[in-house]
Structures are given as structure tokens and as C-alpha cells.
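The structure appears right after this line, and notes come after that.
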Amino acid sequence: MTRTLISLTLRQLLGRRRALFLVVLALIPVLVAILYRFGSDHVDPPPVEFAPDLLDTLLLAIVLPVTALIFGTAALGAEIEDGTAVYLLTKPIERWRILLVKVGVASAATIALALPTALLTSLIILGGDDPHGISVGFGLGVVVGATAYCALFVALSVRTSRALLIGLAYVFVWEAILPSIFDGTRWVSVRQYMLGLADLVSSAPASALEADLGGGSAAVAAALLVAASILVGNRLISRFEIGERL
Amino acid sequence: MASAPLDVTDTPIDAGGGNGATIRLQNVTRWYGGVVAVNDISFDLRPGISGILGPNGAGKSTLLHLISGFLQPSSGDVSIFGASPWGNPDLFSRIGLVPENEAVYPFLSAWDFALMSARLHKLPNPEKAAAQAIQRVEMEAAQDRKMGGYSKGMRQRAKIAASLVHDPEVLILDEPFNGTDPRLRLHLMEMLRDLAAEGRTIVFSSHILEEVERLAEEVLVILNGRLAAAGNFHQIRRLMTDRPHVFTLRSSDDRLLASQLFREPYVAAVAINDGGLEVRTDDFNAFTAAIASLTRAAGVTLQELRPADESLESVFSYLVRG
């Protein structure tokens, strides 16, 4: 039964045009890494500074959240939107199980695109030599970040049909602009959790990777966000009423 | 407008317990903000076919969503097999729902869809169950084509197959004949009769009087969220046809025609207004059979004749007035 749910969700998420767009998006950091590797003198900035800077600016700030947003809102919200969710919700399946599968599949699909990007990008820039553990640090950040974003966006999409818009505002306003103005927003920023974890695992120079949250705090905050999103999402889908979504 | 429903059932609607009802609503009301969509409705449904009849926006879908657990009553109780369907997905092992929304998974074939439903119902032999459901709606020839390319009627059949895959005891269908051609409609009606004959409780909604007339043994007439009438269809229908009918006429000499009409025993009232004549008759058949010869005999040319109150809503309004 769970396998059927997973298979259905994968087929929903991996439509040809959507998948092509996200693959192209995920390739952008890799292409920039190739340009750096074969088109610069590797002196200014040096690879050990350029890799974390590029991964943060392109992968963590744009590619990963956009991918998670598209998969997260499509996994269940799109079904609610077009009415096909009824076919799942009229089955004798606990609603929390449906929610967990949707979050799990959206996270796995996001990781499947973003993790190779993180590893390839760092390894290309660093020429395969990564003594600071930058690829592992960002890899961990990607796995945790994809899960947190997807849990958040799946829950949001059960609540509102404007999840995509709200998600974009969260990524490009809340996470990108507000932390530089209001210090407290870092506690509710998946991007800061990812940077904190990358910083915890890698020993990249502080000039290239400076996280606003400590690794431990980032891990706890990410876990809390995932748990809260799943709890709220479960409550929303368990009390789902046809035609009642905002 | 009367508040109590017109009950014309042979055996009165039983609101009590232990009467074999599979679906029971007791004083159910549902509000959307400040708007009441379903207002203090009570009824019991037993095995057989029940039709919920009402114009668009009357509250039929809201009622079916309350029955299927997709809406929580603002007040009152809904139960199926004695349990509340709200927040109770386990009940879906005994219920099949065919929603009005024609959306289907466009990337799945009807076979995939039925098989997926069977697997999600955790059936021991999902392939066999899917094959039987597909056969029941006669979709074998198209079962391997993607549903994205299906006509409205084929989608409807695929949805019904998926809802039947677990052999439910209760089948709920929201406007099941929308978009179906006459042949398919006949086939679906025959299928629903067979399913009911096997002891299932089938409840469907429709805004088409004739669909309900042909299929339902019990009828619930919904108007403005209220239960306007309930019971055996033929008695409700008789009430509908026996009611005074209103016609609007225009002729070359309205006053002369009005004076002729006054003499006829089946004409209850005639009014002259700007648009012509408004005639009320107690005998629909006698009036429509006689009007042509009557105008000819009076030397008047009939320019327009149309029923003024034939809409379903006017029929319902009449029922509500009782």
C-alpha cells in the first residue's frame, strides 16, 4: 500500500516538463563550477573559498528551495487543487501515512537532484581534493534542508492554494533579506540550518562559510521544524474538508 | 415556505433506531461562514437506490460530502453503519464515493487507476478486483489507454470502476450522469439497479428530474438547503403534475382570448398584463390539448405560448409550499 502511494506520488512529481526544468536548474551550479575550473586561474578566489560561496549562493539559496517548493507543493497540494486527492482520501488509510509518504517522496526527489549537484559542484571546484570536508558538509545540509523545506511546503499546501506564492516569499524575502535586518529570523530559516550544519561538518575558512547558527542549534531547529510541519500537516489533512481550503 | 418536509413515503421516514438504516442524518446543519448550506435535515437511507434531487446550489453536494465524511456537520449527527464518517477513514472500506469533479490522474490508465484503488484498499487479490470492476463498467477495450485522453463519459466509468473495486456496501455518487451519453446513462442505471439488487445502499444526486424518476426508489428533494420532500418518487411526481400550471400567452387579441378562456372549466384564473395573458390551469393535459382549437374558434391568432413555471425550482417551490 505504501509502495502504491510512493509510486503514484513519484509519477505525479516527475512529469516531463517539471523534471526537465528542475534538472536544468540543478545543473547551473555544476556549469558555473566547470567554468571556474577550466576558465580561471584558481587564485582569486581560491577553490576552498569559491566552493562554499557558490554552494551557498546558488544551491542553498535558489536551486534547493525552488526544487523543494515545486515538489513539496505538487506532492499533495496539487492533488487537492485539482480534486484527485479525493481518490486517496476515500481509502481506509490513516491520513498521517499519506502525509508522511508525500513528504518523504518530495524530500527524496529534491535530494536526488540537489545532492549530486552539491557533491559534483564542490568536487569540480576543488579538483577532487576536499580536505576541509566541504562536499560532505554541504551534502548533509542538502539532505536536512530538503526534508525541512518539503515538510514545511507540503503542510502549507494542505492549508492554502497559494502555497507556491507564500513559499517563494519565504525563500526570497524571509530567508534572503530579513536575516540581515532582524537577527531572530535565523531561527526560522532553513537556509541558516543548512549553513549551520555545513559549518559544523566542514572546516572551510570562516571567510567563505560563516553560519549564523551553531551546528547543534541548527540540527535541533531543523528537527523541530520538520516535526511541527508534520504535526500541523497531519492535523490539517485529518480535518480536511472539501472546498474549505483558503 | 413551509419548514417541515413534505413526507409522501408509503412508510413514514423513520428517525428512530433499529430500522435497518445504513445512513442516518439527524438534524444536520452545515454553515459556510454566514451561509447555511444544509439546514436541519434528518432522514434514514436503507439498502436500495435513493436519489437526492434539487436544482444547482440547493445543497446536494454538501449533503453528500457530509455523508461521506468530507465535511463536518455544524450541528446534528451523521452516521453510516452507526459510526460517524467524519475523521473515520476506516469506514471507506465499506463505502465507495464517485465525486462530481471529473478530474482523474491523466498519466494513469483506467486499469492502473482501478488497480491502484484495489491496492490502497489492501485487497488480497487486487488484480482480480480491478478486472471485475473494469468489467462491471464495460471498459475492457479502453482500459489500457491513459485517462488524460478519455471523454467525460469514459472518465466517469473509470471513476465508478475505482469506487467499486472493493465491493462497497454503500455507494455514493455525486451527479453520476453528468457528461454521459444516453447509451452510457442507460448502462450505468442498469448497473446501479443490479448493485442495489445485491443489497447495497446507493445514494446519488441529480438536478435532472427524469434521471431520479427512472432510477430512484426513494427521493429526497432538496431546496435551499432544506429537505423539501422525501419518500416514494411516484407520489412526489403526482404532486408535481397535479399542481396548478401557469402559462404565458400572447395573441392577436388578448382580451377576447381571455374571455373565451374564462369559460373553460380547467382554467382557474386569467390575468392580463403587459406581456400578454397569464393563465393558471388545474389540468395541464386538458389545457394544452384544447388551446389550439379554442383560439381558432375565437378567431384569434396565437403568437406565443410558453409554460411560466416549468423550471425544477418552481416545482420544488410548489412542493415546499405544500
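Convention: chains lettered A, B, ... in C-alpha cells order; per-chain residue numbering from 1; ligands numbered from 1 as shown.
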(request) With a distance cut-off of 6 Å and only C-alpha atoms, select the neighbouring residues of stretch 234-241 of chain A, excluding the residue or stretch itself and same-chain residues fewer than 2 positions from it, and output the selection as a list in words. (result) Arg95, Trp96, Ile230, Leu231, Val232 and Glu244 of chain A; Phe70 and Leu71 of chain B
Name all residues at most 10 Å from B:His65 (count only C-alpha atoms; drop same-chain ones fewer than 6 positions away) and give them as an mmCIF file with C-alpha atoms, in the first residue's frame.
```cif
data_model
loop_
_atom_site.group_PDB
_atom_site.id
_atom_site.type_symbol
_atom_site.label_atom_id
_atom_site.label_comp_id
_atom_site.auth_asym_id
_atom_site.auth_seq_id
_atom_site.Cartn_x
_atom_site.Cartn_y
_atom_site.Cartn_z
ATOM 1 C CA GLU A 241 -12.959 19.461 4.225
ATOM 2 C CA ILE A 242 -13.795 19.646 0.550
ATOM 3 C CA GLY B 59 -27.084 21.753 -1.125
ATOM 4 C CA LEU B 71 -17.487 17.824 5.741
ATOM 5 C CA GLN B 72 -18.126 18.086 9.439
ATOM 6 C CA PRO B 73 -21.704 18.987 10.424
ATOM 7 C CA PRO B 85 -17.869 9.227 8.881
ATOM 8 C CA TRP B 86 -16.075 12.436 9.935
ATOM 9 C CA LEU B 97 -17.553 7.505 -3.471
ATOM 10 C CA PRO B 99 -17.172 12.577 -6.844
ATOM 11 C CA ILE B 172 -22.326 7.486 -3.022
ATOM 12 C CA ASP B 174 -22.451 12.937 -6.958
#
```
(request) Specify as a PyMOL selection string all residues of chain A found within 9 Å of chain B, counting only C-alpha atoms. (result) chain A and resi 1-2+4-5+8+11-12+82-84+86-95+238-242+244
Selection to disk with N, CA and C atoms, as a PDB file, in the first residue's frame:
```pdb
ATOM      1  N   MET A   1       0.836  -1.202   0.000  1.00  0.00           N
ATOM      2  CA  MET A   1       0.000   0.000   0.000  1.00  0.00           C
ATOM      3  C   MET A   1       0.873   1.256   0.000  1.00  0.00           C
ATOM      4  N   THR A   2       1.894   1.249   0.882  1.00  0.00           N
ATOM      5  CA  THR A   2       2.805   2.390   0.912  1.00  0.00           C
ATOM      6  C   THR A   2       3.551   2.497  -0.416  1.00  0.00           C
ATOM      7  N   THR A   4       2.418   1.663  -3.309  1.00  0.00           N
ATOM      8  CA  THR A   4       1.487   2.239  -4.293  1.00  0.00           C
ATOM      9  C   THR A   4       1.423   3.756  -4.145  1.00  0.00           C
ATOM     10  N   LEU A   5       1.380   4.211  -2.897  1.00  0.00           N
ATOM     11  CA  LEU A   5       1.354   5.661  -2.646  1.00  0.00           C
ATOM     12  C   LEU A   5       2.640   6.324  -3.152  1.00  0.00           C
ATOM     13  N   LEU A   8       2.629   6.386  -7.002  1.00  0.00           N
ATOM     14  CA  LEU A   8       1.703   7.404  -7.508  1.00  0.00           C
ATOM     15  C   LEU A   8       2.314   8.797  -7.352  1.00  0.00           C
ATOM     16  N   ARG A  11       5.092   9.490  -9.834  1.00  0.00           N
ATOM     17  CA  ARG A  11       4.594   9.754 -11.197  1.00  0.00           C
ATOM     18  C   ARG A  11       3.993  11.155 -11.285  1.00  0.00           C
ATOM     19  N   GLN A  12       3.390  11.598 -10.175  1.00  0.00           N
ATOM     20  CA  GLN A  12       2.832  12.954 -10.173  1.00  0.00           C
ATOM     21  C   GLN A  12       3.954  13.988 -10.229  1.00  0.00           C
ATOM     22  N   ASP A  82      -6.658  20.021  -7.820  1.00  0.00           N
ATOM     23  CA  ASP A  82      -7.395  19.530  -8.997  1.00  0.00           C
ATOM     24  C   ASP A  82      -8.497  18.520  -8.636  1.00  0.00           C
ATOM     25  N   GLY A  83      -8.591  18.158  -7.390  1.00  0.00           N
ATOM     26  CA  GLY A  83      -9.689  17.283  -6.950  1.00  0.00           C
ATOM     27  C   GLY A  83      -9.341  15.814  -6.890  1.00  0.00           C
ATOM     28  N   THR A  84      -8.146  15.419  -7.366  1.00  0.00           N
ATOM     29  CA  THR A  84      -7.818  13.986  -7.364  1.00  0.00           C
ATOM     30  C   THR A  84      -7.461  13.475  -5.963  1.00  0.00           C
ATOM     31  N   VAL A  86      -9.252  13.312  -3.571  1.00  0.00           N
ATOM     32  CA  VAL A  86     -10.397  12.543  -3.071  1.00  0.00           C
ATOM     33  C   VAL A  86     -10.155  11.038  -3.243  1.00  0.00           C
ATOM     34  N   TYR A  87      -9.479  10.668  -4.332  1.00  0.00           N
ATOM     35  CA  TYR A  87      -9.258   9.246  -4.585  1.00  0.00           C
ATOM     36  C   TYR A  87      -8.316   8.624  -3.552  1.00  0.00           C
ATOM     37  N   LEU A  88      -7.462   9.420  -2.955  1.00  0.00           N
ATOM     38  CA  LEU A  88      -6.608   8.913  -1.867  1.00  0.00           C
ATOM     39  C   LEU A  88      -7.356   8.947  -0.545  1.00  0.00           C
ATOM     40  N   LEU A  89      -8.082  10.041  -0.339  1.00  0.00           N
ATOM     41  CA  LEU A  89      -8.718  10.249   0.960  1.00  0.00           C
ATOM     42  C   LEU A  89      -9.963   9.382   1.148  1.00  0.00           C
ATOM     43  N   THR A  90     -10.418   8.713   0.081  1.00  0.00           N
ATOM     44  CA  THR A  90     -11.544   7.784   0.239  1.00  0.00           C
ATOM     45  C   THR A  90     -11.047   6.348   0.383  1.00  0.00           C
ATOM     46  N   LYS A  91      -9.842   6.216   0.860  1.00  0.00           N
ATOM     47  CA  LYS A  91      -9.301   4.875   1.107  1.00  0.00           C
ATOM     48  C   LYS A  91      -9.094   4.703   2.609  1.00  0.00           C
ATOM     49  N   PRO A  92      -9.209   3.470   3.081  1.00  0.00           N
ATOM     50  CA  PRO A  92      -9.037   3.253   4.530  1.00  0.00           C
ATOM     51  C   PRO A  92      -7.560   3.333   4.940  1.00  0.00           C
ATOM     52  N   ILE A  93      -6.989   4.485   4.757  1.00  0.00           N
ATOM     53  CA  ILE A  93      -5.568   4.704   5.071  1.00  0.00           C
ATOM     54  C   ILE A  93      -5.486   5.859   6.066  1.00  0.00           C
ATOM     55  N   GLU A  94      -4.671   5.691   7.094  1.00  0.00           N
ATOM     56  CA  GLU A  94      -4.505   6.777   8.058  1.00  0.00           C
ATOM     57  C   GLU A  94      -3.951   7.990   7.323  1.00  0.00           C
ATOM     58  N   ARG A  95      -4.493   9.147   7.650  1.00  0.00           N
ATOM     59  CA  ARG A  95      -4.085  10.367   6.942  1.00  0.00           C
ATOM     60  C   ARG A  95      -2.616  10.700   7.194  1.00  0.00           C
ATOM     61  N   SER A 238      -6.128  15.541   8.336  1.00  0.00           N
ATOM     62  CA  SER A 238      -7.111  14.726   9.062  1.00  0.00           C
ATOM     63  C   SER A 238      -8.450  15.442   9.168  1.00  0.00           C
ATOM     64  N   ARG A 239      -8.424  16.761   9.176  1.00  0.00           N
ATOM     65  CA  ARG A 239      -9.657  17.546   9.275  1.00  0.00           C
ATOM     66  C   ARG A 239      -9.994  18.203   7.930  1.00  0.00           C
ATOM     67  N   PHE A 240      -9.462  17.613   6.874  1.00  0.00           N
ATOM     68  CA  PHE A 240      -9.646  18.198   5.546  1.00  0.00           C
ATOM     69  C   PHE A 240     -11.121  18.203   5.151  1.00  0.00           C
ATOM     70  N   GLU A 241     -11.584  19.352   4.700  1.00  0.00           N
ATOM     71  CA  GLU A 241     -12.959  19.461   4.225  1.00  0.00           C
ATOM     72  C   GLU A 241     -12.942  19.919   2.773  1.00  0.00           C
ATOM     73  N   ILE A 242     -13.731  19.274   1.960  1.00  0.00           N
ATOM     74  CA  ILE A 242     -13.795  19.646   0.550  1.00  0.00           C
ATOM     75  C   ILE A 242     -14.272  21.093   0.432  1.00  0.00           C
ATOM     76  N   GLU A 244     -12.881  23.755   1.523  1.00  0.00           N
ATOM     77  CA  GLU A 244     -12.636  24.625   2.667  1.00  0.00           C
ATOM     78  C   GLU A 244     -11.240  25.221   2.679  1.00  0.00           C
TER      79      GLU A 244
END
```
(request) Could you find all residues in stretch 128-212 of chain B that DSSP calls strand (DSSP E or B) from the backbone, and write them as a PyMOL selection string? (result) chain B and resi 146+170-174+201-206
(message) Quick check for you: according to DSSP on this backbone, which residues of stretch 46-94 of chain B are classed as helix (DSSP H, G or I)? Reply as number ranges by chain.
(response) B: 60-67, 89-93
(request) With a distance cut-off of 8 Å and only C-alpha atoms, select the neighbouring residues of stretch 129-137 of chain A, excluding the residue or stretch itself and same-chain residues fewer than 2 positions from it, and output the selection as a ChimeraX atom specification. (result) /A:51-52,118-119,122-123,126-127,139-141,197-204
(request) Write out as a list in words each polymer residue whose atoms come within 9 Å of A:Val105, counting only C-alpha atoms; drop sequence neighbours fewer than 6 positions from it. (result) Ile6, Thr9, Leu10, Leu13, Phe71, Gly72 and Ala75 of chain A
(message) Quick check, in Å to one decimal: how far apart do atom CA of B:Pro55 and atom CA of B:Ser206 lie?
(response)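 Spanning atom CA of B:Pro55 to atom CA of B:Ser206 is a straight-line distance of 8.1 Å.
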(request) Record the distance separating atom CA of B:Ala297 and atom CA of B:Val270, expressed in Å with one decimal. (result) 18.5 Å
(message) Excluding stretch 186-194 of chain A and its own-chain neighbours fewer than 4 positions away, which residues fall within 6 Å of it when counting only C-alpha atoms? Please give them as a ChimeraX atom specification.
(response) /A:141,145,175,179,218
(request) Quick one: pull the distance between atom CA of A:Asp183 and atom CA of A:Ala151, Å, one decimal. (result)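 The value is 24.0 Å.
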(request) Name the closest residue to A:Arg162 among the candidates A:Gly215, A:Gly77, A:Pro205, A:Gly104; distances are taken between atoms, counting only C-alpha atoms. (result) A:Gly77
(request) Name the residues in contact with stretch 42-48 of chain B at a cut-off of 7 Å, using only C-alpha atoms, excluding same-chain residues fewer than 3 positions from it; report them as a ChimeraX atom specification. (result) /B:13-15,20-28,196,199-202
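For B:Ala298, the set of protein, DNA and RNA residues having any atom at most 10 Å away, when counting only C-alpha atoms and skipping those fewer than 2 positions along the same chain, is Asp253, Leu256, Leu257, Ser259, Gln260, Ser293, Leu294, Thr295, Arg296, Val300 and Thr301 of chain B.
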